[in-house]
$ cat final26.pdb   # PDB, C-alpha atoms
ATOM      1  CA  MET A   1      73.336 -26.541-117.154
ATOM      2  CA  PRO A   2      75.005 -29.372-115.153
ATOM      3  CA  PRO A   3      75.669 -32.564-117.087
ATOM      4  CA  VAL A   4      73.032 -35.268-116.805
ATOM      5  CA  GLN A   5      74.365 -38.161-114.700
ATOM      6  CA  GLU A   6      74.167 -41.621-116.147
ATOM      7  CA  LYS A   7      71.475 -43.647-114.411
ATOM      8  CA  ALA A   8      72.803 -46.425-112.210
ATOM      9  CA  PRO A   9      70.657 -49.501-111.659
ATOM     10  CA  VAL A  10      68.932 -50.154-108.359
ATOM     11  CA  ARG A  11      69.556 -53.886-108.157
ATOM     12  CA  GLY A  12      67.303 -56.557-106.669
ATOM     13  CA  LYS A  13      63.870 -56.091-105.170
ATOM     14  CA  LYS A  14      63.413 -52.367-104.705
ATOM     15  CA  CYS A  15      60.492 -52.162-102.260
ATOM     16  CA  PHE A  16      60.623 -52.749 -98.519
ATOM     17  CA  LEU A  17      58.234 -52.867 -95.544
ATOM     18  CA  PHE A  18      59.748 -52.158 -92.124
ATOM     19  CA  LEU A  19      57.357 -52.430 -89.178
ATOM     20  CA  GLY A  20      57.565 -52.507 -85.387
ATOM     21  CA  PRO A  21      58.557 -50.347 -82.419
ATOM     22  CA  GLU A  22      62.352 -50.932 -82.430
ATOM     23  CA  LEU A  23      63.552 -47.687 -83.997
ATOM     24  CA  GLY A  24      67.324 -48.142 -83.911
ATOM     25  CA  GLU A  25      67.465 -51.402 -85.883
ATOM     26  CA  LYS A  26      64.892 -50.008 -88.306
ATOM     27  CA  LEU A  27      67.058 -46.944 -88.947
ATOM     28  CA  ASP A  28      70.038 -49.263 -89.509
ATOM     29  CA  ALA A  29      68.008 -51.182 -92.106
ATOM     30  CA  LEU A  30      67.139 -47.940 -93.921
ATOM     31  CA  GLU A  31      70.795 -46.964 -93.824
ATOM     32  CA  GLY A  32      71.625 -50.320 -95.393
ATOM     33  CA  ILE A  33      69.332 -49.503 -98.309
ATOM     34  CA  ARG A  34      71.001 -46.113 -98.710
ATOM     35  CA  GLY A  35      74.381 -47.796 -98.783
ATOM     36  CA  SER A  36      73.258 -50.036-101.643
ATOM     37  CA  LEU A  37      72.177 -47.085-103.781
ATOM     38  CA  PRO A  38      74.390 -44.965-106.049
ATOM     39  CA  PRO A  39      76.035 -41.806-104.692
ATOM     40  CA  ASP A  40      73.910 -38.653-104.964
ATOM     41  CA  THR A  41      70.678 -40.634-104.817
ATOM     42  CA  GLU A  42      67.747 -38.277-104.352
ATOM     43  CA  GLU A  43      65.828 -39.054-101.124
ATOM     44  CA  THR A  44      62.260 -37.984-100.308
ATOM     45  CA  SER A  45      60.127 -38.753 -97.238
ATOM     46  CA  PHE A  46      56.335 -38.677 -97.071
ATOM     47  CA  TYR A  47      54.104 -38.879 -93.995
ATOM     48  CA  ALA A  48      50.920 -40.890 -94.504
ATOM     49  CA  GLY A  49      47.958 -39.009 -93.089
ATOM     50  CA  GLU A  50      49.533 -35.695 -94.110
ATOM     51  CA  THR A  51      50.381 -36.146 -97.801
ATOM     52  CA  PRO A  52      47.594 -37.647 -99.962
ATOM     53  CA  VAL A  53      48.586 -40.946-101.551
ATOM     54  CA  SER A  54      47.720 -39.561-104.987
ATOM     55  CA  ALA A  55      50.322 -36.818-104.463
ATOM     56  CA  MET A  56      52.926 -39.363-103.290
ATOM     57  CA  VAL A  57      52.361 -41.578-106.327
ATOM     58  CA  SER A  58      52.509 -38.595-108.671
ATOM     59  CA  VAL A  59      55.945 -37.607-107.337
ATOM     60  CA  ILE A  60      57.202 -41.216-107.382
ATOM     61  CA  ARG A  61      55.999 -41.795-110.952
ATOM     62  CA  ASN A  62      57.618 -38.612-112.286
ATOM     63  CA  GLY A  63      61.295 -39.303-112.930
ATOM     64  CA  SER A  64      64.251 -37.119-112.000
ATOM     65  CA  LEU A  65      66.406 -35.605-114.748
ATOM     66  CA  PHE A  66      69.615 -35.398-112.769
ATOM     67  CA  ALA A  67      69.637 -37.894-109.876
ATOM     68  CA  PRO A  68      71.189 -41.321-110.651
ATOM     69  CA  ALA A  69      68.516 -42.993-108.481
ATOM     70  CA  ARG A  70      65.742 -42.080-106.091
ATOM     71  CA  PHE A  71      64.782 -43.381-102.632
ATOM     72  CA  PHE A  72      61.290 -42.740-101.247
ATOM     73  CA  ILE A  73      60.292 -43.398 -97.628
ATOM     74  CA  VAL A  74      56.608 -43.468 -96.657
ATOM     75  CA  LYS A  75      56.406 -43.052 -92.873
ATOM     76  CA  ASN A  76      53.395 -43.873 -90.666
ATOM     77  CA  ALA A  77      52.324 -46.352 -93.328
ATOM     78  CA  GLU A  78      49.601 -47.714 -91.026
ATOM     79  CA  LEU A  79      47.688 -44.461 -91.654
ATOM     80  CA  VAL A  80      47.231 -45.111 -95.378
ATOM     81  CA  LYS A  81      43.460 -45.267 -95.800
ATOM     82  CA  LYS A  82      41.775 -48.328 -97.249
ATOM     83  CA  ASP A  83      40.494 -46.427-100.278
ATOM     84  CA  GLU A  84      44.055 -45.258-101.049
ATOM     85  CA  ALA A  85      45.936 -48.467-100.283
ATOM     86  CA  GLU A  86      45.305 -50.010-103.696
ATOM     87  CA  LEU A  87      46.799 -47.004-105.516
ATOM     88  CA  LEU A  88      49.953 -47.061-103.402
ATOM     89  CA  ALA A  89      50.193 -50.863-103.590
ATOM     90  CA  ALA A  90      50.207 -50.692-107.395
ATOM     91  CA  CYS A  91      53.117 -48.240-107.225
ATOM     92  CA  VAL A  92      54.952 -50.456-104.729
ATOM     93  CA  GLU A  93      54.551 -53.518-106.942
ATOM     94  CA  ASN A  94      55.864 -51.743-110.038
ATOM     95  CA  PRO A  95      58.027 -48.773-109.033
ATOM     96  CA  PRO A  96      59.727 -46.699-111.731
ATOM     97  CA  GLU A  97      63.205 -47.633-112.890
ATOM     98  CA  HIS A  98      66.109 -46.504-110.681
ATOM     99  CA  THR A  99      63.729 -46.115-107.704
ATOM    100  CA  ALA A 100      63.708 -47.714-104.237
ATOM    101  CA  LEU A 101      60.697 -47.419-101.939
ATOM    102  CA  ALA A 102      60.348 -48.189 -98.211
ATOM    103  CA  LEU A 103      57.112 -48.260 -96.218
ATOM    104  CA  VAL A 104      57.770 -47.665 -92.505
ATOM    105  CA  SER A 105      55.526 -47.937 -89.448
ATOM    106  CA  GLU A 106      55.896 -48.291 -85.697
ATOM    107  CA  GLU A 107      52.889 -50.617 -85.778
ATOM    108  CA  THR A 108      53.153 -54.308 -86.664
ATOM    109  CA  LYS A 109      50.443 -54.309 -89.337
ATOM    110  CA  VAL A 110      49.480 -52.217 -92.351
ATOM    111  CA  ASP A 111      46.776 -52.650 -94.989
ATOM    112  CA  LYS A 112      46.973 -56.160 -96.442
ATOM    113  CA  ARG A 113      47.246 -54.791 -99.980
ATOM    114  CA  LEU A 114      50.390 -52.859 -99.051
ATOM    115  CA  GLU A 115      51.871 -55.849 -97.254
ATOM    116  CA  GLY A 116      51.149 -58.121-100.209
ATOM    117  CA  ALA A 117      52.800 -55.703-102.635
ATOM    118  CA  VAL A 118      56.204 -56.100-100.935
ATOM    119  CA  PRO A 119      58.239 -59.315-101.502
ATOM    120  CA  GLY A 120      58.292 -61.516 -98.415
ATOM    121  CA  GLU A 121      62.078 -61.320 -98.063
ATOM    122  CA  ASN A 122      61.849 -57.515 -97.869
ATOM    123  CA  ARG A 123      59.251 -57.450 -95.058
ATOM    124  CA  ARG A 124      60.568 -57.184 -91.491
ATOM    125  CA  ILE A 125      59.094 -56.496 -88.062
ATOM    126  CA  PHE A 126      61.520 -54.914 -85.611
ATOM    127  CA  TRP A 127      60.398 -55.867 -82.096
ATOM    128  CA  GLU A 128      61.505 -54.151 -78.900
ATOM    129  CA  LEU A 129      64.501 -55.775 -77.263
ATOM    130  CA  PHE A 130      63.938 -58.243 -74.444
ATOM    131  CA  GLU A 131      65.359 -57.210 -71.072
ATOM    132  CA  ASN A 132      68.452 -59.439 -71.338
ATOM    133  CA  ARG A 133      69.192 -58.139 -74.858
ATOM    134  CA  LYS A 134      68.924 -54.527 -73.671
ATOM    135  CA  ILE A 135      71.410 -55.191 -70.874
ATOM    136  CA  ASP A 136      73.801 -56.847 -73.333
ATOM    137  CA  TRP A 137      73.325 -54.012 -75.830
ATOM    138  CA  VAL A 138      74.242 -51.282 -73.321
ATOM    139  CA  ALA A 139      77.161 -53.253 -71.882
ATOM    140  CA  SER A 140      78.519 -53.918 -75.394
ATOM    141  CA  PHE A 141      78.168 -50.267 -76.359
ATOM    142  CA  PHE A 142      80.298 -49.057 -73.452
ATOM    143  CA  ARG A 143      82.791 -51.889 -73.941
ATOM    144  CA  ARG A 144      83.293 -50.918 -77.603
ATOM    145  CA  GLU A 145      83.818 -47.303 -76.563
ATOM    146  CA  GLY A 146      86.395 -48.313 -73.945
ATOM    147  CA  CYS A 147      84.327 -46.779 -71.151
ATOM    148  CA  PRO A 148      83.809 -48.769 -67.918
ATOM    149  CA  ILE A 149      80.294 -48.914 -66.431
ATOM    150  CA  ASP A 150      78.921 -50.934 -63.523
ATOM    151  CA  GLU A 151      75.632 -52.829 -63.226
ATOM    152  CA  SER A 152      73.881 -49.953 -61.463
ATOM    153  CA  GLY A 153      74.862 -47.628 -64.328
ATOM    154  CA  ILE A 154      73.390 -49.991 -66.917
ATOM    155  CA  SER A 155      70.223 -50.464 -64.853
ATOM    156  CA  THR A 156      69.723 -46.699 -64.466
ATOM    157  CA  ILE A 157      70.137 -46.099 -68.192
ATOM    158  CA  LEU A 158      67.510 -48.726 -69.003
ATOM    159  CA  GLU A 159      65.100 -47.179 -66.490
ATOM    160  CA  MET A 160      65.489 -43.623 -67.781
ATOM    161  CA  VAL A 161      65.809 -44.072 -71.552
ATOM    162  CA  GLU A 162      63.175 -45.116 -74.076
ATOM    163  CA  ASN A 163      63.055 -48.773 -75.018
ATOM    164  CA  ASN A 164      64.703 -48.602 -78.447
ATOM    165  CA  THR A 165      68.319 -48.780 -79.541
ATOM    166  CA  ASP A 166      68.255 -45.390 -81.288
ATOM    167  CA  ALA A 167      67.437 -43.600 -78.014
ATOM    168  CA  LEU A 168      69.879 -45.822 -76.103
ATOM    169  CA  ARG A 169      72.688 -45.090 -78.577
ATOM    170  CA  ARG A 170      72.037 -41.348 -78.349
ATOM    171  CA  GLU A 171      71.914 -41.187 -74.546
ATOM    172  CA  CYS A 172      74.864 -43.549 -74.006
ATOM    173  CA  SER A 173      76.968 -41.414 -76.346
ATOM    174  CA  ARG A 174      75.932 -38.326 -74.418
ATOM    175  CA  LEU A 175      76.903 -39.946 -71.119
ATOM    176  CA  ILE A 176      80.378 -40.753 -72.420
ATOM    177  CA  LEU A 177      80.759 -37.232 -73.810
ATOM    178  CA  PHE A 178      79.849 -35.583 -70.507
ATOM    179  CA  LEU A 179      81.406 -38.049 -68.053
ATOM    180  CA  GLY A 180      84.489 -39.158 -69.980
ATOM    181  CA  LYS A 181      86.194 -42.540 -70.024
ATOM    182  CA  ASP A 182      88.607 -42.134 -67.132
ATOM    183  CA  ARG A 183      86.398 -43.709 -64.448
ATOM    184  CA  THR A 184      83.633 -46.282 -64.023
ATOM    185  CA  ILE A 185      80.163 -44.831 -64.605
ATOM    186  CA  THR A 186      77.835 -45.647 -61.697
ATOM    187  CA  GLY A 187      74.080 -45.497 -61.345
ATOM    188  CA  LYS A 188      74.313 -42.122 -59.589
ATOM    189  CA  ASP A 189      76.525 -40.741 -62.356
ATOM    190  CA  ALA A 190      74.042 -41.895 -65.004
ATOM    191  CA  GLU A 191      71.020 -40.586 -63.103
ATOM    192  CA  ASP A 192      72.560 -37.149 -62.462
ATOM    193  CA  CYS A 193      73.685 -36.775 -66.064
ATOM    194  CA  LEU A 194      70.514 -38.055 -67.733
ATOM    195  CA  SER A 195      68.309 -35.916 -65.476
ATOM    196  CA  HIS A 196      70.107 -32.771 -66.620
ATOM    197  CA  THR A 197      70.850 -33.511 -70.261
ATOM    198  CA  ARG A 198      68.067 -35.760 -71.528
ATOM    199  CA  GLU A 199      65.863 -34.366 -74.248
ATOM    200  CA  GLU A 200      62.143 -34.056 -73.831
ATOM    201  CA  SER A 201      60.373 -37.358 -74.387
ATOM    202  CA  ALA A 202      57.210 -39.183 -73.454
ATOM    203  CA  PHE A 203      58.996 -40.069 -70.199
ATOM    204  CA  THR A 204      59.485 -36.412 -69.235
ATOM    205  CA  LEU A 205      55.860 -35.879 -70.276
ATOM    206  CA  PHE A 206      54.760 -38.614 -67.844
ATOM    207  CA  ALA A 207      56.807 -36.982 -65.067
ATOM    208  CA  CYS A 208      55.008 -33.662 -65.630
ATOM    209  CA  LEU A 209      51.603 -35.337 -65.842
ATOM    210  CA  ALA A 210      52.292 -37.097 -62.535
ATOM    211  CA  ARG A 211      52.969 -33.718 -60.918
ATOM    212  CA  GLY A 212      49.882 -32.070 -62.423
ATOM    213  CA  LYS A 213      51.850 -29.557 -64.502
ATOM    214  CA  LEU A 214      49.267 -28.857 -67.185
ATOM    215  CA  SER A 215      50.942 -26.032 -69.118
ATOM    216  CA  ARG A 216      54.336 -27.754 -69.087
ATOM    217  CA  SER A 217      52.765 -31.047 -70.212
ATOM    218  CA  LEU A 218      51.060 -29.291 -73.128
ATOM    219  CA  GLU A 219      54.361 -27.617 -74.023
ATOM    220  CA  ILE A 220      56.257 -30.921 -74.039
ATOM    221  CA  MET A 221      53.591 -32.544 -76.225
ATOM    222  CA  ARG A 222      53.817 -29.692 -78.749
ATOM    223  CA  ASN A 223      57.618 -29.905 -78.749
ATOM    224  CA  LEU A 224      57.511 -33.659 -79.384
ATOM    225  CA  LEU A 225      55.096 -33.235 -82.288
ATOM    226  CA  GLY A 226      57.256 -30.391 -83.631
ATOM    227  CA  ALA A 227      60.224 -32.778 -83.598
ATOM    228  CA  ASN A 228      58.202 -35.225 -85.772
ATOM    229  CA  GLU A 229      57.606 -37.653 -82.909
ATOM    230  CA  SER A 230      54.531 -39.665 -83.855
ATOM    231  CA  SER A 231      51.451 -39.510 -81.619
ATOM    232  CA  THR A 232      51.299 -43.321 -81.812
ATOM    233  CA  ARG A 233      54.743 -43.623 -80.278
ATOM    234  CA  ILE A 234      54.039 -41.016 -77.592
ATOM    235  CA  LEU A 235      50.890 -42.824 -76.497
ATOM    236  CA  ALA A 236      52.640 -46.209 -76.590
ATOM    237  CA  THR A 237      55.323 -44.916 -74.190
ATOM    238  CA  LEU A 238      52.701 -43.413 -71.873
ATOM    239  CA  VAL A 239      50.893 -46.769 -71.837
ATOM    240  CA  TRP A 240      54.204 -48.416 -70.874
ATOM    241  CA  CYS A 241      54.640 -45.882 -68.033
ATOM    242  CA  PHE A 242      51.126 -46.438 -66.701
ATOM    243  CA  ARG A 243      51.561 -50.214 -66.790
ATOM    244  CA  LYS A 244      54.684 -49.784 -64.697
ATOM    245  CA  PHE A 245      52.631 -47.475 -62.453
ATOM    246  CA  ARG A 246      50.135 -50.330 -62.040
ATOM    247  CA  ASP A 247      53.013 -52.609 -60.936
ATOM    248  CA  TYR A 248      54.157 -49.932 -58.488
ATOM    249  CA  LEU A 249      50.687 -49.591 -56.957
ATOM    250  CA  ALA A 250      50.384 -53.360 -56.574
ATOM    251  CA  LEU A 251      53.735 -53.474 -54.822
ATOM    252  CA  ALA A 252      52.798 -50.569 -52.524
ATOM    253  CA  ALA A 253      49.477 -52.273 -51.661
ATOM    254  CA  SER A 254      51.326 -55.463 -50.725
ATOM    255  CA  GLY A 255      53.305 -53.538 -48.129
ATOM    256  CA  ASN A 256      56.596 -54.825 -49.528
ATOM    257  CA  SER A 257      58.040 -51.876 -51.438
ATOM    258  CA  SER A 258      61.657 -52.375 -50.431
ATOM    259  CA  ASP A 259      64.506 -51.126 -52.593
ATOM    260  CA  TRP A 260      65.049 -54.647 -53.924
ATOM    261  CA  GLU A 261      61.388 -55.137 -54.870
ATOM    262  CA  LEU A 262      61.277 -51.714 -56.534
ATOM    263  CA  LYS A 263      64.392 -52.561 -58.537
ATOM    264  CA  LYS A 264      62.754 -55.794 -59.684
ATOM    265  CA  ILE A 265      59.981 -53.796 -61.394
ATOM    266  CA  GLY A 266      62.462 -51.339 -62.907
ATOM    267  CA  LEU A 267      62.303 -48.564 -60.307
ATOM    268  CA  GLY A 268      65.838 -48.552 -58.956
ATOM    269  CA  SER A 269      66.532 -44.918 -59.868
ATOM    270  CA  LEU A 270      65.446 -42.426 -57.202
ATOM    271  CA  LYS A 271      64.488 -39.915 -59.924
ATOM    272  CA  VAL A 272      62.276 -42.393 -61.760
ATOM    273  CA  ARG A 273      60.847 -43.679 -58.484
ATOM    274  CA  SER A 274      59.800 -40.154 -57.512
ATOM    275  CA  ASP A 275      57.681 -39.908 -60.693
ATOM    276  CA  TYR A 276      55.617 -42.906 -59.579
ATOM    277  CA  ILE A 277      55.325 -41.680 -56.002
ATOM    278  CA  GLU A 278      53.865 -38.419 -57.350
ATOM    279  CA  ALA A 279      51.634 -40.349 -59.752
ATOM    280  CA  ALA A 280      50.131 -42.268 -56.819
ATOM    281  CA  LYS A 281      49.086 -38.952 -55.270
ATOM    282  CA  ARG A 282      47.226 -37.987 -58.453
ATOM    283  CA  TRP A 283      45.651 -41.235 -59.670
ATOM    284  CA  PRO A 284      44.126 -43.886 -57.374
ATOM    285  CA  GLY A 285      44.786 -46.548 -60.007
ATOM    286  CA  ALA A 286      46.193 -47.110 -63.489
ATOM    287  CA  GLY A 287      42.958 -48.408 -65.016
ATOM    288  CA  GLY A 288      41.429 -44.992 -65.697
ATOM    289  CA  PRO A 289      44.485 -43.479 -67.438
ATOM    290  CA  LEU A 290      45.050 -46.668 -69.467
ATOM    291  CA  ALA A 291      41.414 -46.702 -70.611
ATOM    292  CA  LEU A 292      41.685 -43.021 -71.542
ATOM    293  CA  LEU A 293      44.847 -43.647 -73.560
ATOM    294  CA  GLY A 294      43.138 -46.504 -75.383
ATOM    295  CA  GLU A 295      40.152 -44.292 -76.192
ATOM    296  CA  TYR A 296      42.321 -41.493 -77.570
ATOM    297  CA  GLU A 297      44.481 -43.899 -79.561
ATOM    298  CA  TYR A 298      41.299 -44.982 -81.361
ATOM    299  CA  LEU A 299      40.179 -41.365 -81.854
ATOM    300  CA  LEU A 300      43.564 -40.372 -83.296
ATOM    301  CA  ARG A 301      43.554 -43.270 -85.743
ATOM    302  CA  SER A 302      40.031 -42.577 -86.928
ATOM    303  CA  SER A 303      40.239 -38.762 -87.101
ATOM    304  CA  GLY A 304      43.439 -38.230 -89.119
ATOM    305  CA  ALA A 305      46.135 -35.577 -88.797
ATOM    306  CA  ALA A 306      43.819 -32.554 -88.894
ATOM    307  CA  LEU A 307      42.532 -33.100 -85.333
ATOM    308  CA  GLU A 308      45.738 -34.540 -83.854
ATOM    309  CA  GLU A 309      46.838 -31.527 -81.787
ATOM    310  CA  LEU A 310      43.326 -30.845 -80.494
ATOM    311  CA  LEU A 311      42.820 -34.454 -79.420
ATOM    312  CA  LEU A 312      46.217 -34.657 -77.736
ATOM    313  CA  ASP A 313      45.536 -31.393 -75.871
ATOM    314  CA  LYS A 314      42.237 -32.838 -74.637
ATOM    315  CA  LEU A 315      44.014 -36.028 -73.581
ATOM    316  CA  ILE A 316      46.614 -34.089 -71.571
ATOM    317  CA  TYR A 317      43.896 -32.006 -69.916
ATOM    318  CA  SER A 318      41.874 -35.109 -69.035
ATOM    319  CA  LEU A 319      44.893 -36.903 -67.549
ATOM    320  CA  VAL A 320      45.933 -33.915 -65.431
ATOM    321  CA  ARG A 321      42.449 -32.951 -64.294
ATOM    322  CA  GLY A 322      41.395 -36.537 -63.766
ATOM    323  CA  LYS A 323      38.255 -36.363 -65.923
TER
END

$ encode --input "final26.pdb" --output "C-alpha cells"
Amino acid sequence: MPPVQEKAPVRGKKCFLFLGPELGEKLDALEGIRGSLPPDTEETSFYAGETPVSAMVSVIRNGSLFAPARFFIVKNAELVKKDEAELLAACVENPPEHTALALVSEETKVDKRLEGAVPGENRRIFWELFENRKIDWVASFFRREGCPIDESGISTILEMVENNTDALRRECSRLILFLGKDRTITGKDAEDCLSHTREESAFTLFACLARGKLSRSLEIMRNLLGANESSTRILATLVWCFRKFRDYLALAASGNSSDWELKKIGLGSLKVRSDYIEAAKRWPGAGGPLALLGEYEYLLRSSGAALEELLLDKLIYSLVRGK
C-alpha cells in the first residue's frame, strides 16, 4: 500500500464563482487556483444538469485517503435547480478541509443562494473582449511569438475565430505552426489556413445552415456536444452570427455594400462574406431565426439535459427548413 501523503493546507478562501462568456481568462483563473494547490491535488469536474447535486455533495463531503488536497469544479452552474441550490450552497459555504471548489458558468448569473455562498472577492465575471482589446490581444500574441502579421491578418483572424481568448490562442498558435515565422502573415494567408485547419465550431455550423446542409449541420452539432461544448454557448454564437446577418441585410438594402462598408461590420474575409451571401438566399430576414433561437434557449433551460439532443435536432431542422 502506498504511503499516505501528509495533508497540505488549502490557504485562504477556498470557494470561487467564475461567470461570463470569456473562456480564455476564465481558464487562466482556474489554472491560477491549481497553481496555488499542493502537487498531486485530486481534481474532479461535475456538470450541473447531468450529475444530481446530492451526488456532487456526497463526493465532495467524502474525504480522500491519499490526495494532499482536492479541487472540485462545477460547470454549467446556472443549471443548478432552485430546489438543489440550497444544498450546494451549504457545501460551498463550508467545504471540507483541504478542499477547493469552483462554480463555473458562461452565463452572468446563477442562483442567488450560490452567489451569496461565495466570498465577494472570489466572484468574477469574465466579459467578452471589446473590439480594440481583441485587436491588441492578437497583435501582442504574434509580437511575443516573434511572428510578423499585418492589419488584414489580424482582421481576418477576428472575423473567423470565436470571440474568446482561448479560441484565439489556439487558432493563432496553429497559424504560426503552419505558416512559420519567416514572413509577414496577411489576411489571405490567415483565411486560407483557417479555412482548412479550423476545428468545427458554431461558426462552421452557421456556414452549413446558411447553405441548407441539414445532415452536415446535424453532424456538426453532435460533434460539438460530444466535445463537451455547451448548448448555451453554441446558441449564443449562432445569435451573434444572425445579428451580424441582420447588419449585412441592412447594408445590402441600403445599396452601399462596398468592400469598405462590409469590412466595417466585420465581413472583410471573402470566406466569411460568402456565408452571409448564402444566408440571404435562405432567410429573408434575421428576425425569424433570432426568435427561434430565443425560443429554443428557453426550452433547453427548462427541459434539462435529457431532451437536449432532441431539441437541438429540432432547432437545426427548423432553421434549415425555414419552419

$ resolve_selection --input "final26.pdb" --expression "the PyMOL selection byres ((chain A and resi 185) around 9)" --output "PDB file with C-alpha atoms, in the frame of the given file"
ATOM      1  CA  CYS A 147      84.327 -46.779 -71.151  1.00  0.00           C
ATOM      2  CA  PRO A 148      83.809 -48.769 -67.918  1.00  0.00           C
ATOM      3  CA  ILE A 149      80.294 -48.914 -66.431  1.00  0.00           C
ATOM      4  CA  ASP A 150      78.921 -50.934 -63.523  1.00  0.00           C
ATOM      5  CA  SER A 152      73.881 -49.953 -61.463  1.00  0.00           C
ATOM      6  CA  GLY A 153      74.862 -47.628 -64.328  1.00  0.00           C
ATOM      7  CA  ILE A 154      73.390 -49.991 -66.917  1.00  0.00           C
ATOM      8  CA  LEU A 175      76.903 -39.946 -71.119  1.00  0.00           C
ATOM      9  CA  ILE A 176      80.378 -40.753 -72.420  1.00  0.00           C
ATOM     10  CA  LEU A 179      81.406 -38.049 -68.053  1.00  0.00           C
ATOM     11  CA  GLY A 180      84.489 -39.158 -69.980  1.00  0.00           C
ATOM     12  CA  LYS A 181      86.194 -42.540 -70.024  1.00  0.00           C
ATOM     13  CA  ARG A 183      86.398 -43.709 -64.448  1.00  0.00           C
ATOM     14  CA  THR A 184      83.633 -46.282 -64.023  1.00  0.00           C
ATOM     15  CA  THR A 186      77.835 -45.647 -61.697  1.00  0.00           C
ATOM     16  CA  GLY A 187      74.080 -45.497 -61.345  1.00  0.00           C
ATOM     17  CA  LYS A 188      74.313 -42.122 -59.589  1.00  0.00           C
ATOM     18  CA  ASP A 189      76.525 -40.741 -62.356  1.00  0.00           C
ATOM     19  CA  ALA A 190      74.042 -41.895 -65.004  1.00  0.00           C
TER      20      ALA A 190
END

$ atom_distance --input "final26.pdb" --atom1 "atom CA of Met221 of chain A" --atom2 "atom CA of Thr237 of chain A"
12.7 Å

$ resolve_selection --input "final26.pdb" --expression "the PyMOL selection byres ((chain A and resi 82-85) around 7)" --output "list in words"
Val53, Val80, Lys81, Glu86, Leu87, Leu88, Ala89, Asp111, Arg113 and Leu114 of chain A

$ resolve_selection --input "final26.pdb" --expression "the PyMOL selection byres ((chain A and resi 291-302) around 8)" --output "JSON, numbers by chain"
{"A": [79, 232, 235, 239, 287, 288, 289, 290, 303, 304, 305, 307, 308, 311, 312, 315, 319]}

$ residues_around --input "final26.pdb" --residues "Phe130 of chain A" --least-positions-apart "6" --cutoff "12 Å" --atoms "only C-alpha atoms" --output "ChimeraX atom specification"
/A:22,136-137,158,163-165

$ closest_atom_pairs --input "final26.pdb" --of "segment 211-296 of chain A" --to "segment 131-135 of chain A" --cutoff "12 Å" --atoms "only C-alpha atoms" --output "CSV"
residue,atom,partner,partner_atom,distance
A:Lys264,CA,A:Glu131,CA,11.8
A:Ile265,CA,A:Glu131,CA,11.6
A:Gly266,CA,A:Glu131,CA,10.5

$ residues_near_point --input "final26.pdb" --point "(60.6, -59.8, -92.6)" --cutoff "10 Å" --atoms "all atoms listed in the file" --output "list in words"
Phe16, Leu17, Phe18, Leu19, Pro119, Gly120, Glu121, Asn122, Arg123, Arg124, Ile125 and Phe126 of chain A

$ closest_residue --input "final26.pdb" --among "A:Glu106, A:Asp182, A:Glu159, A:Glu115" --to "Lys263 of chain A" --atoms "all atoms listed in the file"
A:Glu159

$ residues_around --input "final26.pdb" --residues "Ala202 of chain A" --least-positions-apart "4" --cutoff "12 Å" --atoms "all atoms listed in the file" --output "ChimeraX atom specification"
/A:160-163,198,206-209,217-225,229-242,316

$ atom_distance --input "final26.pdb" --atom1 "atom CA of Gly116 of chain A" --atom2 "atom CA of Gly24 of chain A"
25.0 Å

$ atom_distance --input "final26.pdb" --atom1 "atom CA of Gly212 of chain A" --atom2 "atom CA of Arg282 of chain A"
7.6 Å

$ residues_around --input "final26.pdb" --residues "Leu267 of chain A" --least-positions-apart "2" --cutoff "10 Å" --atoms "all atoms listed in the file" --output "count of residues only"
22

$ closest_residue --input "final26.pdb" --among "A:Leu101, A:Ala210, A:Asn76, A:Phe203" --to "Thr44 of chain A" --atoms "all atoms listed in the file"
A:Leu101

$ residues_around --input "final26.pdb" --residues "Cys172 of chain A" --least-positions-apart "2" --cutoff "9 Å" --atoms "all atoms listed in the file" --output "PyMOL selection string"
chain A and resi 138+141-142+157+167-170+174-177

$ closest_residue --input "final26.pdb" --among "A:Ile277, A:Val92, A:Val104, A:Ala67" --to "Leu23 of chain A" --atoms "only C-alpha atoms"
A:Val104

$ closest_residue --input "final26.pdb" --among "A:Leu194, A:Cys91, A:Ala29, A:Ala227" --to "Ser54 of chain A" --atoms "only C-alpha atoms"
A:Cys91

$ residues_around --input "final26.pdb" --residues "Pro39 of chain A" --least-positions-apart "3" --cutoff "10 Å" --atoms "all atoms listed in the file" --output "JSON, numbers by chain"
{"A": [8, 34, 35, 36, 42, 67, 68, 69]}

$ closest_residue --input "final26.pdb" --among "A:Ala102, A:Val110, A:Ala250, A:Ala306" --to "Ile73 of chain A" --atoms "all atoms listed in the file"
A:Ala102

$ closest_residue --input "final26.pdb" --among "A:Ala280, A:Thr108, A:Glu78, A:Thr51" --to "Leu251 of chain A" --atoms "only C-alpha atoms"
A:Ala280

$ build_atoms --input "final26.pdb" --residues "segment 92-98 of chain A" --atoms "N, CA and C atoms" --output "mmCIF file, keeping the file's coordinate frame"
data_model
loop_
_atom_site.group_PDB
_atom_site.id
_atom_site.type_symbol
_atom_site.label_atom_id
_atom_site.label_comp_id
_atom_site.auth_asym_id
_atom_site.auth_seq_id
_atom_site.Cartn_x
_atom_site.Cartn_y
_atom_site.Cartn_z
ATOM 1 N N VAL A 92 53.951 -49.648 -105.426
ATOM 2 C CA VAL A 92 54.952 -50.456 -104.729
ATOM 3 C C VAL A 92 55.306 -51.696 -105.552
ATOM 4 N N GLU A 93 54.309 -52.305 -106.155
ATOM 5 C CA GLU A 93 54.551 -53.518 -106.942
ATOM 6 C C GLU A 93 55.365 -53.251 -108.196
ATOM 7 N N ASN A 94 55.174 -52.076 -108.789
ATOM 8 C CA ASN A 94 55.864 -51.743 -110.038
ATOM 9 C C ASN A 94 56.428 -50.325 -109.963
ATOM 10 N N PRO A 95 57.456 -50.123 -109.147
ATOM 11 C CA PRO A 95 58.027 -48.773 -109.033
ATOM 12 C C PRO A 95 58.779 -48.402 -110.310
ATOM 13 N N PRO A 96 58.964 -47.120 -110.551
ATOM 14 C CA PRO A 96 59.727 -46.699 -111.731
ATOM 15 C C PRO A 96 61.165 -47.217 -111.679
ATOM 16 N N GLU A 97 61.807 -47.203 -112.814
ATOM 17 C CA GLU A 97 63.205 -47.633 -112.890
ATOM 18 C C GLU A 97 64.076 -46.706 -112.049
ATOM 19 N N HIS A 98 65.143 -47.263 -111.491
ATOM 20 C CA HIS A 98 66.109 -46.504 -110.681
ATOM 21 C C HIS A 98 65.458 -45.917 -109.420
#
